[in-house]
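Notes to accompany the following structure.
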2 protein chains.
Amino acid sequence: MKRHSFHQRKKIVYDTAAHLFAKRGYSGTSIRELAQALKLQKSSLYHYFKSKEDLLFKIMDDSMTVALQKIDSLYAYDAPPLEKLRDFMHFYASFYAGDRDRLILLVNELDQLSPVYRDRLIEKERHYVEVLKGILTELQQQGFMKSIPTAVASFAFFGMVHFTYKWYRQDGQVTPDQLGDFFWDIFTTGIFEQK
Amino acid sequence: MKRHSFHQRKKIVYDTAAHLFAKRGYSGTSIRELAQALKLQKSSLYHYFKSKEDLLFKIMDDSMTVALQKIDSLYAYDAPPLEKLRDFMHFYASFYAGDRDRLILLVNELDQLSPVYRDRLIEKERHYVEVLKGILTELQQQGFMKSIPTAVASFAFFGMVHFTYKWYRQDGQVTPDQLGDFFWDIFTTGIFEQK
DNA sequence: GTCTATACTTTGATAGAC
DNA sequence: GTCTATCAAAGTATAGAC
């Protein structure tokens with residue numbers, strides 16, 4: 001560890017923690033185990049975070065912040081809603097296919113945080129949903145979309161994407177980009193053959 | 001508690017455990033907390049299960065067994081694949097909308113079990129997936145379905161349904177049956193307006 | 001920054017009286 | 001079947017030397 005800079009070491013600590021938390025759960029992972037994985041003593045870890053909860057929060061917050069920045073940058077320009085939807089889906093599907101550990105934490109471990117921390121993340125989470133709902137509303141107003149509630153449709157989409165961590169493997173036959181294509185296809189026109 | 005039969009008491013214990021495990025996670029819930037919720041002493045609980053892990057396993061196994069029985073009974077008769085798909089989706093969507101706690105455990109806590117227990121459940125889980133993949137394969141052979149990989153389509157569906165625990169509330173505006181309709185609609189023909 | 005040593009709490013589980 | 005009492009192990013976190 002000493003061969004790296006503080007920032008590099010910190011990243012290793014956080015990545016390793018994210019990996020263990022994702023694999024065995026936040027509550028199911030002890031500081032001891034994290035220390036063993038890093039070949040450090042428990043006490044040494046507290047140089048990189050002030051508590052276990054603080055560690056989880058920072059991992060999750062960083063991940064959401066990065067994702068939100070990219071999503072927002074997708075909308076700096078004014079595109080037609082159909083194009084926005086396609087971009088959103090491809091970005092979202094591939095972003096988390098590329099960082100499975102973080103996806104797992106964001107989906108599963110939010111409730112492990114105490115209210116103060118949790119509320120700050122829920123607000124960001126809401127932002128994701130609102131972006132998609134906004135696009136769908138636009139699509140409906142322009143007559144492109146069925147009259148399904150935008151909330152139901154949004155959560156159907158997030159369900160498809162978030163669930164990928166249970167089965168999708170990046171080293172398999174389907175690339176993240178293809179995955180985005182499949183999801184786009186299913187979500188917009190369904191699995192049935194068009195007549 | 002004493003006013004009920006052993007079977008009734010046991011059900012209360014297991015339901016309460018399922019609720020706590022779902023809410024705060026298996027690792028995040030202590031036997032102490034469960035005892036408090038039931039107004040019993042910790043030690044008294046061990047009359048109903050032999051270990052915490054045993055408790056989790058039994059809750060999950062019971063739930064999967066019931067679901068599998070119902071799913072299999074849906075296929076005792078020979079229906080066209082289109083009808084099977086519709087039945088499967090409606091059953092699945094409404095079954096777990098009605099027992100949110102169990103759904104959460106099945107989706108989230110499988111990895112908390114040691115291999116011996118886990119493997120038995122994974123086998124049952126595989127059965128769910130195989131049923132749906134089988135239906136989709138039939139649909140493809142008969143030319144009703146696009147050439148999307150059946151695995152991707154299956155997991156897209158399970159993602160939509162499993163994710164409901166994050167947002168769907170039975171006391172809201174959408175009934176479980178309507179939810180099944182919406183999912184059917186999205187999954188088969190997508191959110192876009194048909195031309 | 002990392003170590004040793006330690007404080008203190010909470011954990012799952014058992015023994016044995018009633 | 002529920003209780004009191006108790007245990008060993010594991011949990012998070014801190015103090016202070018180097």
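Ordering of the structure tokens sets the chain letters (A, B, ...); residue numbers start at 1 within each chain; ligands are numbered from 1 in the order shown.
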
Handout entry: Residue neighbourhood C:DT2, 8 Å, only C-alpha atoms (C1' of nucleotides), exclusion window fewer than 3 positions, as a list of chain:residue names
Key =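 Residues near the query, excluding close chain neighbours: A:Leu40, A:Gln41, A:Ser44.
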
Generate the output file for the selected residues, C-alpha atoms, as a tab-separated table (two decimals), in the first residue's frame.
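Generated output (selection.tsv):
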```tsv
chain	number	residue	atom	x	y	z
A	40	LEU	CA	-4.06	-3.84	7.22
A	41	GLN	CA	-5.05	-3.70	10.87
A	44	SER	CA	-5.46	1.62	10.40
```

Practice task
Restrict the distance test to only C-alpha atoms (C1' of nucleotides), flag each residue of chain B within 12 Å of chain C, and return the flagged residues as number ranges by chain.
Solution key: B: 27-33, 42-46, 49-53

Requested write-out: C-alpha atoms of the selected residues, as an mmCIF file, in the first residue's frame:
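again-v7.cif written:
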```cif
data_model
loop_
_atom_site.group_PDB
_atom_site.id
_atom_site.type_symbol
_atom_site.label_atom_id
_atom_site.label_comp_id
_atom_site.auth_asym_id
_atom_site.auth_seq_id
_atom_site.Cartn_x
_atom_site.Cartn_y
_atom_site.Cartn_z
ATOM 1 C CA SER B 27 -27.668 -9.437 9.023
ATOM 2 C CA GLY B 28 -29.057 -6.153 10.254
ATOM 3 C CA THR B 29 -31.700 -7.838 12.387
ATOM 4 C CA SER B 30 -30.756 -9.416 15.696
ATOM 5 C CA ILE B 31 -32.508 -12.211 17.525
ATOM 6 C CA ARG B 32 -32.924 -9.700 20.338
ATOM 7 C CA GLU B 33 -34.943 -7.384 18.127
ATOM 8 C CA LYS B 42 -34.445 -14.419 23.086
ATOM 9 C CA SER B 43 -34.055 -17.921 24.355
ATOM 10 C CA SER B 44 -37.754 -18.675 23.941
ATOM 11 C CA LEU B 45 -37.469 -18.216 20.204
ATOM 12 C CA TYR B 46 -35.193 -21.201 19.816
ATOM 13 C CA PHE B 49 -36.158 -22.703 14.995
ATOM 14 C CA LYS B 50 -32.752 -24.116 15.702
ATOM 15 C CA SER B 51 -30.659 -21.207 14.452
ATOM 16 C CA LYS B 52 -31.048 -17.820 12.838
ATOM 17 C CA GLU B 53 -29.942 -19.198 9.526
#
```

So that each row is one residue of chain D with an atom at most 12 Å from chain A, can you give its shortest atom pair and the distance in Å to one decimal, using only C-alpha atoms (C1' of nucleotides), rows by chain and rising number, as CSV?
```
residue,atom,partner,partner_atom,distance
D:DA10,C1',A:Ser30,CA,9.1
D:DG11,C1',A:Ser30,CA,7.4
D:DT12,C1',A:Ile31,CA,7.8
D:DA13,C1',A:Ser51,CA,8.1
D:DT14,C1',A:Ser43,CA,8.6
D:DA15,C1',A:Ser43,CA,10.7
```

Export, as a PDB file, in the first residue's frame, the selected residues with N, CA and C atoms (P, O5', C5', C4', C3', O3' and C1' of nucleotides).
```pdb
ATOM      1  P    DA D  10     -15.321 -15.604  16.329  1.00  0.00           P
ATOM      2  O5'  DA D  10     -16.024 -14.212  16.048  1.00  0.00           O
ATOM      3  C5'  DA D  10     -17.426 -14.178  15.792  1.00  0.00           C
ATOM      4  C4'  DA D  10     -17.886 -12.744  15.785  1.00  0.00           C
ATOM      5  C3'  DA D  10     -16.960 -11.819  14.984  1.00  0.00           C
ATOM      6  O3'  DA D  10     -17.737 -11.178  13.983  1.00  0.00           O
ATOM      7  C1'  DA D  10     -17.440 -10.909  17.137  1.00  0.00           C
ATOM      8  P    DG D  11     -17.155  -9.976  13.103  1.00  0.00           P
ATOM      9  O5'  DG D  11     -17.707  -8.702  13.858  1.00  0.00           O
ATOM     10  C5'  DG D  11     -19.101  -8.391  13.725  1.00  0.00           C
ATOM     11  C4'  DG D  11     -19.401  -7.127  14.488  1.00  0.00           C
ATOM     12  C3'  DG D  11     -18.456  -5.955  14.174  1.00  0.00           C
ATOM     13  O3'  DG D  11     -18.967  -5.224  13.074  1.00  0.00           O
ATOM     14  C1'  DG D  11     -18.762  -6.191  16.532  1.00  0.00           C
ATOM     15  P    DT D  12     -17.998  -4.141  12.409  1.00  0.00           P
ATOM     16  O5'  DT D  12     -17.996  -2.915  13.414  1.00  0.00           O
ATOM     17  C5'  DT D  12     -19.222  -2.265  13.739  1.00  0.00           C
ATOM     18  C4'  DT D  12     -18.950  -1.133  14.714  1.00  0.00           C
ATOM     19  C3'  DT D  12     -18.040  -0.033  14.150  1.00  0.00           C
ATOM     20  O3'  DT D  12     -18.596   1.236  14.478  1.00  0.00           O
ATOM     21  C1'  DT D  12     -17.135  -0.888  16.187  1.00  0.00           C
ATOM     22  P    DA D  13     -17.929   2.550  13.844  1.00  0.00           P
ATOM     23  O5'  DA D  13     -16.866   2.946  14.954  1.00  0.00           O
ATOM     24  C5'  DA D  13     -17.333   3.171  16.290  1.00  0.00           C
ATOM     25  C4'  DA D  13     -16.149   3.299  17.215  1.00  0.00           C
ATOM     26  C3'  DA D  13     -15.080   4.310  16.773  1.00  0.00           C
ATOM     27  O3'  DA D  13     -15.171   5.453  17.605  1.00  0.00           O
ATOM     28  C1'  DA D  13     -14.148   2.309  17.726  1.00  0.00           C
ATOM     29  P    DT D  14     -14.181   6.687  17.375  1.00  0.00           P
ATOM     30  O5'  DT D  14     -13.075   6.432  18.501  1.00  0.00           O
ATOM     31  C5'  DT D  14     -13.507   6.057  19.813  1.00  0.00           C
ATOM     32  C4'  DT D  14     -12.293   5.869  20.700  1.00  0.00           C
ATOM     33  C3'  DT D  14     -11.193   6.923  20.528  1.00  0.00           C
ATOM     34  O3'  DT D  14     -10.801   7.358  21.829  1.00  0.00           O
ATOM     35  C1'  DT D  14     -10.280   4.755  20.324  1.00  0.00           C
ATOM     36  P    DA D  15      -9.771   8.592  21.967  1.00  0.00           P
ATOM     37  O5'  DA D  15      -8.493   7.881  22.578  1.00  0.00           O
ATOM     38  C5'  DA D  15      -8.639   6.794  23.499  1.00  0.00           C
ATOM     39  C4'  DA D  15      -7.267   6.415  24.044  1.00  0.00           C
ATOM     40  C3'  DA D  15      -6.218   7.518  23.943  1.00  0.00           C
ATOM     41  O3'  DA D  15      -5.358   7.438  25.078  1.00  0.00           O
ATOM     42  C1'  DA D  15      -5.552   5.674  22.602  1.00  0.00           C
TER      43       DA D  15
END
```

Practice task
Might you pull out every residue within 9 Å of stretch 65-70 of chain A, with only C-alpha atoms (C1' of nucleotides) counted and same-chain residues fewer than 2 positions away left off, and present them as an NGL selection string?
Solution key: :A and (60-63 or 72-74 or 91-92 or 95 or 124 or 127-128)

Print the selection's residues with N, CA and C atoms to a file, as a compact mmCIF listing (two decimals), in the first residue's frame.
```txt
# COMPACT_ATOMS: atom_id res chain seq x y z
N MET A 60 -21.52 5.49 -1.77
CA MET A 60 -22.78 5.65 -2.49
C MET A 60 -22.93 7.06 -3.06
N ASP A 61 -22.58 8.03 -2.24
CA ASP A 61 -22.74 9.42 -2.67
C ASP A 61 -21.86 9.72 -3.88
N ASP A 62 -20.62 9.28 -3.84
CA ASP A 62 -19.71 9.50 -4.97
C ASP A 62 -20.29 8.91 -6.25
N SER A 63 -20.77 7.68 -6.13
CA SER A 63 -21.28 6.99 -7.31
C SER A 63 -22.48 7.71 -7.92
N ASP A 72 -27.11 14.64 -16.39
CA ASP A 72 -27.45 16.04 -16.63
C ASP A 72 -26.76 16.58 -17.87
N SER A 73 -25.53 16.15 -18.09
CA SER A 73 -24.81 16.66 -19.25
C SER A 73 -25.46 16.17 -20.55
N LEU A 74 -26.13 15.03 -20.46
CA LEU A 74 -26.84 14.52 -21.64
C LEU A 74 -27.96 15.47 -22.06
N PHE A 91 -27.06 5.06 -21.74
CA PHE A 91 -26.12 5.47 -20.70
C PHE A 91 -26.34 4.66 -19.44
N TYR A 92 -27.59 4.63 -19.02
CA TYR A 92 -27.91 4.01 -17.74
C TYR A 92 -27.57 2.53 -17.73
N PHE A 95 -23.65 2.20 -17.90
CA PHE A 95 -22.94 2.77 -16.76
C PHE A 95 -22.87 1.77 -15.62
N LYS A 124 -31.20 12.57 -4.38
CA LYS A 124 -30.52 12.35 -5.67
C LYS A 124 -31.21 11.25 -6.46
N HIS A 127 -34.05 12.33 -8.35
CA HIS A 127 -33.66 13.06 -9.55
C HIS A 127 -33.61 12.13 -10.77
N TYR A 128 -33.01 10.94 -10.61
CA TYR A 128 -32.99 9.96 -11.69
C TYR A 128 -34.41 9.71 -12.20
```

Please superimpose chain A on chain B using every C-alpha atom, paired by order, in a least-squares fit, and write the moved chain as a PDB file with C-alpha atoms, in the first residue's frame.
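result00.pdb written:
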```pdb
ATOM      1  CA  MET A   1     -49.089 -15.624  22.456  1.00  0.00           C
ATOM      2  CA  LYS A   2     -50.330 -18.374  24.682  1.00  0.00           C
ATOM      3  CA  ARG A   3     -53.866 -17.922  23.473  1.00  0.00           C
ATOM      4  CA  HIS A   4     -52.947 -19.391  20.097  1.00  0.00           C
ATOM      5  CA  SER A   5     -52.051 -22.901  18.999  1.00  0.00           C
ATOM      6  CA  PHE A   6     -48.460 -23.844  18.334  1.00  0.00           C
ATOM      7  CA  HIS A   7     -48.973 -23.537  14.606  1.00  0.00           C
ATOM      8  CA  GLN A   8     -50.505 -20.107  14.909  1.00  0.00           C
ATOM      9  CA  ARG A   9     -47.716 -18.942  17.184  1.00  0.00           C
ATOM     10  CA  LYS A  10     -45.114 -20.320  14.833  1.00  0.00           C
ATOM     11  CA  LYS A  11     -46.697 -18.437  11.956  1.00  0.00           C
ATOM     12  CA  ILE A  12     -46.593 -15.203  13.953  1.00  0.00           C
ATOM     13  CA  VAL A  13     -42.918 -15.769  14.713  1.00  0.00           C
ATOM     14  CA  TYR A  14     -42.069 -16.464  11.088  1.00  0.00           C
ATOM     15  CA  ASP A  15     -44.137 -13.573   9.745  1.00  0.00           C
ATOM     16  CA  THR A  16     -42.597 -11.161  12.204  1.00  0.00           C
ATOM     17  CA  ALA A  17     -39.131 -12.414  11.334  1.00  0.00           C
ATOM     18  CA  ALA A  18     -39.866 -12.079   7.619  1.00  0.00           C
ATOM     19  CA  HIS A  19     -41.011  -8.539   8.195  1.00  0.00           C
ATOM     20  CA  LEU A  20     -37.938  -7.515  10.171  1.00  0.00           C
ATOM     21  CA  PHE A  21     -35.531  -9.295   7.820  1.00  0.00           C
ATOM     22  CA  ALA A  22     -37.190  -7.547   4.899  1.00  0.00           C
ATOM     23  CA  LYS A  23     -37.067  -4.153   6.559  1.00  0.00           C
ATOM     24  CA  ARG A  24     -33.609  -4.125   8.072  1.00  0.00           C
ATOM     25  CA  GLY A  25     -31.921  -7.034   6.328  1.00  0.00           C
ATOM     26  CA  TYR A  26     -31.091 -10.484   7.670  1.00  0.00           C
ATOM     27  CA  SER A  27     -27.674  -9.491   8.997  1.00  0.00           C
ATOM     28  CA  GLY A  28     -29.063  -6.198  10.217  1.00  0.00           C
ATOM     29  CA  THR A  29     -31.701  -7.874  12.365  1.00  0.00           C
ATOM     30  CA  SER A  30     -30.753  -9.448  15.674  1.00  0.00           C
ATOM     31  CA  ILE A  31     -32.488 -12.222  17.535  1.00  0.00           C
ATOM     32  CA  ARG A  32     -32.863  -9.684  20.317  1.00  0.00           C
ATOM     33  CA  GLU A  33     -34.911  -7.378  18.104  1.00  0.00           C
ATOM     34  CA  LEU A  34     -37.079 -10.226  16.934  1.00  0.00           C
ATOM     35  CA  ALA A  35     -37.700 -11.228  20.531  1.00  0.00           C
ATOM     36  CA  GLN A  36     -38.626  -7.668  21.451  1.00  0.00           C
ATOM     37  CA  ALA A  37     -41.065  -7.411  18.567  1.00  0.00           C
ATOM     38  CA  LEU A  38     -42.705 -10.614  19.740  1.00  0.00           C
ATOM     39  CA  LYS A  39     -42.503  -9.685  23.432  1.00  0.00           C
ATOM     40  CA  LEU A  40     -40.584 -12.821  24.234  1.00  0.00           C
ATOM     41  CA  GLN A  41     -37.123 -13.536  25.575  1.00  0.00           C
ATOM     42  CA  LYS A  42     -34.393 -14.381  23.081  1.00  0.00           C
ATOM     43  CA  SER A  43     -34.024 -17.888  24.371  1.00  0.00           C
ATOM     44  CA  SER A  44     -37.717 -18.612  23.985  1.00  0.00           C
ATOM     45  CA  LEU A  45     -37.451 -18.172  20.248  1.00  0.00           C
ATOM     46  CA  TYR A  46     -35.205 -21.181  19.856  1.00  0.00           C
ATOM     47  CA  HIS A  47     -38.216 -23.288  20.484  1.00  0.00           C
ATOM     48  CA  TYR A  48     -39.427 -22.345  16.982  1.00  0.00           C
ATOM     49  CA  PHE A  49     -36.184 -22.708  15.040  1.00  0.00           C
ATOM     50  CA  LYS A  50     -32.779 -24.147  15.724  1.00  0.00           C
ATOM     51  CA  SER A  51     -30.684 -21.248  14.458  1.00  0.00           C
ATOM     52  CA  LYS A  52     -31.062 -17.859  12.839  1.00  0.00           C
ATOM     53  CA  GLU A  53     -29.971 -19.239   9.509  1.00  0.00           C
ATOM     54  CA  ASP A  54     -32.437 -22.080   9.793  1.00  0.00           C
ATOM     55  CA  LEU A  55     -35.151 -19.494  10.353  1.00  0.00           C
ATOM     56  CA  LEU A  56     -34.283 -17.549   7.216  1.00  0.00           C
ATOM     57  CA  PHE A  57     -34.063 -20.687   5.149  1.00  0.00           C
ATOM     58  CA  LYS A  58     -37.458 -21.971   6.221  1.00  0.00           C
ATOM     59  CA  ILE A  59     -39.125 -18.646   5.498  1.00  0.00           C
ATOM     60  CA  MET A  60     -37.645 -18.513   2.014  1.00  0.00           C
ATOM     61  CA  ASP A  61     -38.148 -22.164   1.226  1.00  0.00           C
ATOM     62  CA  ASP A  62     -41.815 -22.105   2.239  1.00  0.00           C
ATOM     63  CA  SER A  63     -42.471 -19.070   0.107  1.00  0.00           C
ATOM     64  CA  MET A  64     -40.811 -20.513  -2.978  1.00  0.00           C
ATOM     65  CA  THR A  65     -42.495 -23.846  -2.570  1.00  0.00           C
ATOM     66  CA  VAL A  66     -45.949 -22.274  -2.492  1.00  0.00           C
ATOM     67  CA  ALA A  67     -45.191 -20.111  -5.508  1.00  0.00           C
ATOM     68  CA  LEU A  68     -43.818 -23.044  -7.493  1.00  0.00           C
ATOM     69  CA  GLN A  69     -46.841 -25.182  -6.750  1.00  0.00           C
ATOM     70  CA  LYS A  70     -49.141 -22.512  -8.096  1.00  0.00           C
ATOM     71  CA  ILE A  71     -47.005 -21.903 -11.156  1.00  0.00           C
ATOM     72  CA  ASP A  72     -46.845 -25.601 -11.933  1.00  0.00           C
ATOM     73  CA  SER A  73     -50.581 -25.971 -11.521  1.00  0.00           C
ATOM     74  CA  LEU A  74     -51.022 -23.241 -14.119  1.00  0.00           C
ATOM     75  CA  TYR A  75     -49.410 -25.608 -16.612  1.00  0.00           C
ATOM     76  CA  ALA A  76     -51.162 -28.820 -15.783  1.00  0.00           C
ATOM     77  CA  TYR A  77     -53.337 -28.201 -18.810  1.00  0.00           C
ATOM     78  CA  ASP A  78     -52.102 -27.556 -22.312  1.00  0.00           C
ATOM     79  CA  ALA A  79     -52.611 -23.943 -23.233  1.00  0.00           C
ATOM     80  CA  PRO A  80     -51.211 -21.957 -26.152  1.00  0.00           C
ATOM     81  CA  PRO A  81     -47.989 -20.135 -25.184  1.00  0.00           C
ATOM     82  CA  LEU A  82     -49.609 -16.734 -25.470  1.00  0.00           C
ATOM     83  CA  GLU A  83     -52.156 -17.658 -22.849  1.00  0.00           C
ATOM     84  CA  LYS A  84     -49.480 -19.234 -20.642  1.00  0.00           C
ATOM     85  CA  LEU A  85     -47.428 -16.073 -20.779  1.00  0.00           C
ATOM     86  CA  ARG A  86     -50.379 -13.961 -19.759  1.00  0.00           C
ATOM     87  CA  ASP A  87     -51.238 -16.261 -16.872  1.00  0.00           C
ATOM     88  CA  PHE A  88     -47.667 -16.427 -15.704  1.00  0.00           C
ATOM     89  CA  MET A  89     -47.304 -12.673 -15.660  1.00  0.00           C
ATOM     90  CA  HIS A  90     -50.540 -12.001 -13.868  1.00  0.00           C
ATOM     91  CA  PHE A  91     -49.918 -14.633 -11.295  1.00  0.00           C
ATOM     92  CA  TYR A  92     -46.366 -13.591 -10.688  1.00  0.00           C
ATOM     93  CA  ALA A  93     -47.055  -9.873 -10.494  1.00  0.00           C
ATOM     94  CA  SER A  94     -49.952 -10.251  -8.087  1.00  0.00           C
ATOM     95  CA  PHE A  95     -48.516 -13.034  -5.966  1.00  0.00           C
ATOM     96  CA  TYR A  96     -45.587 -10.981  -4.796  1.00  0.00           C
ATOM     97  CA  ALA A  97     -47.463  -7.741  -4.672  1.00  0.00           C
ATOM     98  CA  GLY A  98     -49.426  -9.577  -1.991  1.00  0.00           C
ATOM     99  CA  ASP A  99     -46.423 -10.725   0.074  1.00  0.00           C
ATOM    100  CA  ARG A 100     -43.893  -7.983  -0.177  1.00  0.00           C
ATOM    101  CA  ASP A 101     -41.756  -9.192   2.721  1.00  0.00           C
ATOM    102  CA  ARG A 102     -41.139 -12.588   1.164  1.00  0.00           C
ATOM    103  CA  LEU A 103     -40.388 -11.065  -2.211  1.00  0.00           C
ATOM    104  CA  ILE A 104     -37.741  -8.864  -0.620  1.00  0.00           C
ATOM    105  CA  LEU A 105     -36.107 -11.820   1.099  1.00  0.00           C
ATOM    106  CA  LEU A 106     -36.048 -13.947  -2.026  1.00  0.00           C
ATOM    107  CA  VAL A 107     -34.503 -11.148  -4.044  1.00  0.00           C
ATOM    108  CA  ASN A 108     -32.004  -9.882  -1.482  1.00  0.00           C
ATOM    109  CA  GLU A 109     -31.020 -12.406   1.129  1.00  0.00           C
ATOM    110  CA  LEU A 110     -30.211 -15.578  -0.763  1.00  0.00           C
ATOM    111  CA  ASP A 111     -26.470 -15.008  -0.452  1.00  0.00           C
ATOM    112  CA  GLN A 112     -26.660 -14.820   3.319  1.00  0.00           C
ATOM    113  CA  LEU A 113     -27.279 -18.544   3.475  1.00  0.00           C
ATOM    114  CA  SER A 114     -24.426 -21.022   3.629  1.00  0.00           C
ATOM    115  CA  PRO A 115     -23.909 -23.080   0.433  1.00  0.00           C
ATOM    116  CA  VAL A 116     -25.841 -26.132   1.631  1.00  0.00           C
ATOM    117  CA  TYR A 117     -29.015 -24.150   2.200  1.00  0.00           C
ATOM    118  CA  ARG A 118     -28.471 -21.755  -0.661  1.00  0.00           C
ATOM    119  CA  ASP A 119     -28.064 -24.400  -3.326  1.00  0.00           C
ATOM    120  CA  ARG A 120     -31.423 -25.904  -2.545  1.00  0.00           C
ATOM    121  CA  LEU A 121     -33.117 -22.551  -3.124  1.00  0.00           C
ATOM    122  CA  ILE A 122     -31.115 -21.706  -6.234  1.00  0.00           C
ATOM    123  CA  GLU A 123     -32.447 -24.848  -7.786  1.00  0.00           C
ATOM    124  CA  LYS A 124     -36.017 -23.730  -7.205  1.00  0.00           C
ATOM    125  CA  GLU A 125     -35.205 -20.254  -8.428  1.00  0.00           C
ATOM    126  CA  ARG A 126     -33.883 -21.732 -11.631  1.00  0.00           C
ATOM    127  CA  HIS A 127     -37.218 -23.403 -12.087  1.00  0.00           C
ATOM    128  CA  TYR A 128     -39.038 -20.037 -12.238  1.00  0.00           C
ATOM    129  CA  VAL A 129     -36.657 -18.787 -14.897  1.00  0.00           C
ATOM    130  CA  GLU A 130     -36.859 -21.979 -16.925  1.00  0.00           C
ATOM    131  CA  VAL A 131     -40.645 -21.861 -16.998  1.00  0.00           C
ATOM    132  CA  LEU A 132     -40.623 -18.363 -18.452  1.00  0.00           C
ATOM    133  CA  LYS A 133     -37.782 -19.084 -20.847  1.00  0.00           C
ATOM    134  CA  GLY A 134     -39.672 -22.149 -22.029  1.00  0.00           C
ATOM    135  CA  ILE A 135     -42.752 -20.116 -22.813  1.00  0.00           C
ATOM    136  CA  LEU A 136     -40.714 -17.492 -24.651  1.00  0.00           C
ATOM    137  CA  THR A 137     -38.925 -20.144 -26.685  1.00  0.00           C
ATOM    138  CA  GLU A 138     -42.286 -21.559 -27.745  1.00  0.00           C
ATOM    139  CA  LEU A 139     -43.413 -18.082 -28.740  1.00  0.00           C
ATOM    140  CA  GLN A 140     -40.307 -17.573 -30.830  1.00  0.00           C
ATOM    141  CA  GLN A 141     -40.696 -20.898 -32.591  1.00  0.00           C
ATOM    142  CA  GLN A 142     -44.234 -19.987 -33.512  1.00  0.00           C
ATOM    143  CA  GLY A 143     -43.120 -16.621 -34.847  1.00  0.00           C
ATOM    144  CA  PHE A 144     -44.869 -14.480 -32.242  1.00  0.00           C
ATOM    145  CA  MET A 145     -41.739 -13.101 -30.681  1.00  0.00           C
ATOM    146  CA  LYS A 146     -38.760 -11.079 -31.874  1.00  0.00           C
ATOM    147  CA  SER A 147     -35.335 -12.694 -31.935  1.00  0.00           C
ATOM    148  CA  ILE A 148     -34.257 -11.224 -28.609  1.00  0.00           C
ATOM    149  CA  PRO A 149     -32.380 -13.784 -26.473  1.00  0.00           C
ATOM    150  CA  THR A 150     -34.937 -15.470 -24.237  1.00  0.00           C
ATOM    151  CA  ALA A 151     -32.588 -15.096 -21.259  1.00  0.00           C
ATOM    152  CA  VAL A 152     -32.414 -11.325 -21.685  1.00  0.00           C
ATOM    153  CA  ALA A 153     -36.168 -11.056 -22.111  1.00  0.00           C
ATOM    154  CA  SER A 154     -36.813 -13.279 -19.087  1.00  0.00           C
ATOM    155  CA  PHE A 155     -34.565 -11.287 -16.816  1.00  0.00           C
ATOM    156  CA  ALA A 156     -36.064  -8.053 -18.107  1.00  0.00           C
ATOM    157  CA  PHE A 157     -39.416  -9.368 -16.975  1.00  0.00           C
ATOM    158  CA  PHE A 158     -38.196 -10.576 -13.599  1.00  0.00           C
ATOM    159  CA  GLY A 159     -36.508  -7.230 -13.127  1.00  0.00           C
ATOM    160  CA  MET A 160     -39.770  -5.361 -13.689  1.00  0.00           C
ATOM    161  CA  VAL A 161     -41.640  -7.624 -11.296  1.00  0.00           C
ATOM    162  CA  HIS A 162     -39.063  -8.049  -8.542  1.00  0.00           C
ATOM    163  CA  PHE A 163     -38.393  -4.352  -8.421  1.00  0.00           C
ATOM    164  CA  THR A 164     -42.004  -3.633  -7.500  1.00  0.00           C
ATOM    165  CA  TYR A 165     -41.162  -3.919  -3.808  1.00  0.00           C
ATOM    166  CA  LYS A 166     -39.233  -0.666  -4.104  1.00  0.00           C
ATOM    167  CA  TRP A 167     -42.199   1.443  -5.139  1.00  0.00           C
ATOM    168  CA  TYR A 168     -45.481  -0.430  -5.438  1.00  0.00           C
ATOM    169  CA  ARG A 169     -47.967  -0.160  -2.587  1.00  0.00           C
ATOM    170  CA  GLN A 170     -51.062  -2.287  -2.494  1.00  0.00           C
ATOM    171  CA  ASP A 171     -53.078   0.445  -0.868  1.00  0.00           C
ATOM    172  CA  GLY A 172     -52.329   2.844  -3.710  1.00  0.00           C
ATOM    173  CA  GLN A 173     -54.264   3.575  -6.884  1.00  0.00           C
ATOM    174  CA  VAL A 174     -53.099   0.588  -8.912  1.00  0.00           C
ATOM    175  CA  THR A 175     -54.503  -2.826  -8.022  1.00  0.00           C
ATOM    176  CA  PRO A 176     -52.228  -5.884  -8.320  1.00  0.00           C
ATOM    177  CA  ASP A 177     -54.329  -7.002 -11.272  1.00  0.00           C
ATOM    178  CA  GLN A 178     -53.919  -3.686 -13.037  1.00  0.00           C
ATOM    179  CA  LEU A 179     -50.217  -3.881 -12.343  1.00  0.00           C
ATOM    180  CA  GLY A 180     -50.132  -7.243 -14.108  1.00  0.00           C
ATOM    181  CA  ASP A 181     -51.960  -5.669 -17.033  1.00  0.00           C
ATOM    182  CA  PHE A 182     -49.498  -2.814 -17.283  1.00  0.00           C
ATOM    183  CA  PHE A 183     -46.522  -5.148 -17.140  1.00  0.00           C
ATOM    184  CA  TRP A 184     -48.070  -7.396 -19.742  1.00  0.00           C
ATOM    185  CA  ASP A 185     -48.687  -4.403 -21.961  1.00  0.00           C
ATOM    186  CA  ILE A 186     -45.175  -3.003 -21.617  1.00  0.00           C
ATOM    187  CA  PHE A 187     -43.440  -6.346 -21.913  1.00  0.00           C
ATOM    188  CA  THR A 188     -45.298  -7.568 -24.972  1.00  0.00           C
ATOM    189  CA  THR A 189     -45.879  -4.432 -27.067  1.00  0.00           C
ATOM    190  CA  GLY A 190     -43.841  -1.707 -25.324  1.00  0.00           C
ATOM    191  CA  ILE A 191     -44.676   1.788 -24.231  1.00  0.00           C
ATOM    192  CA  PHE A 192     -44.881   3.288 -27.715  1.00  0.00           C
ATOM    193  CA  GLU A 193     -48.203   4.033 -29.344  1.00  0.00           C
ATOM    194  CA  GLN A 194     -48.914   1.460 -32.046  1.00  0.00           C
ATOM    195  CA  LYS A 195     -49.240   2.901 -35.498  1.00  0.00           C
TER     196      LYS A 195
END
```
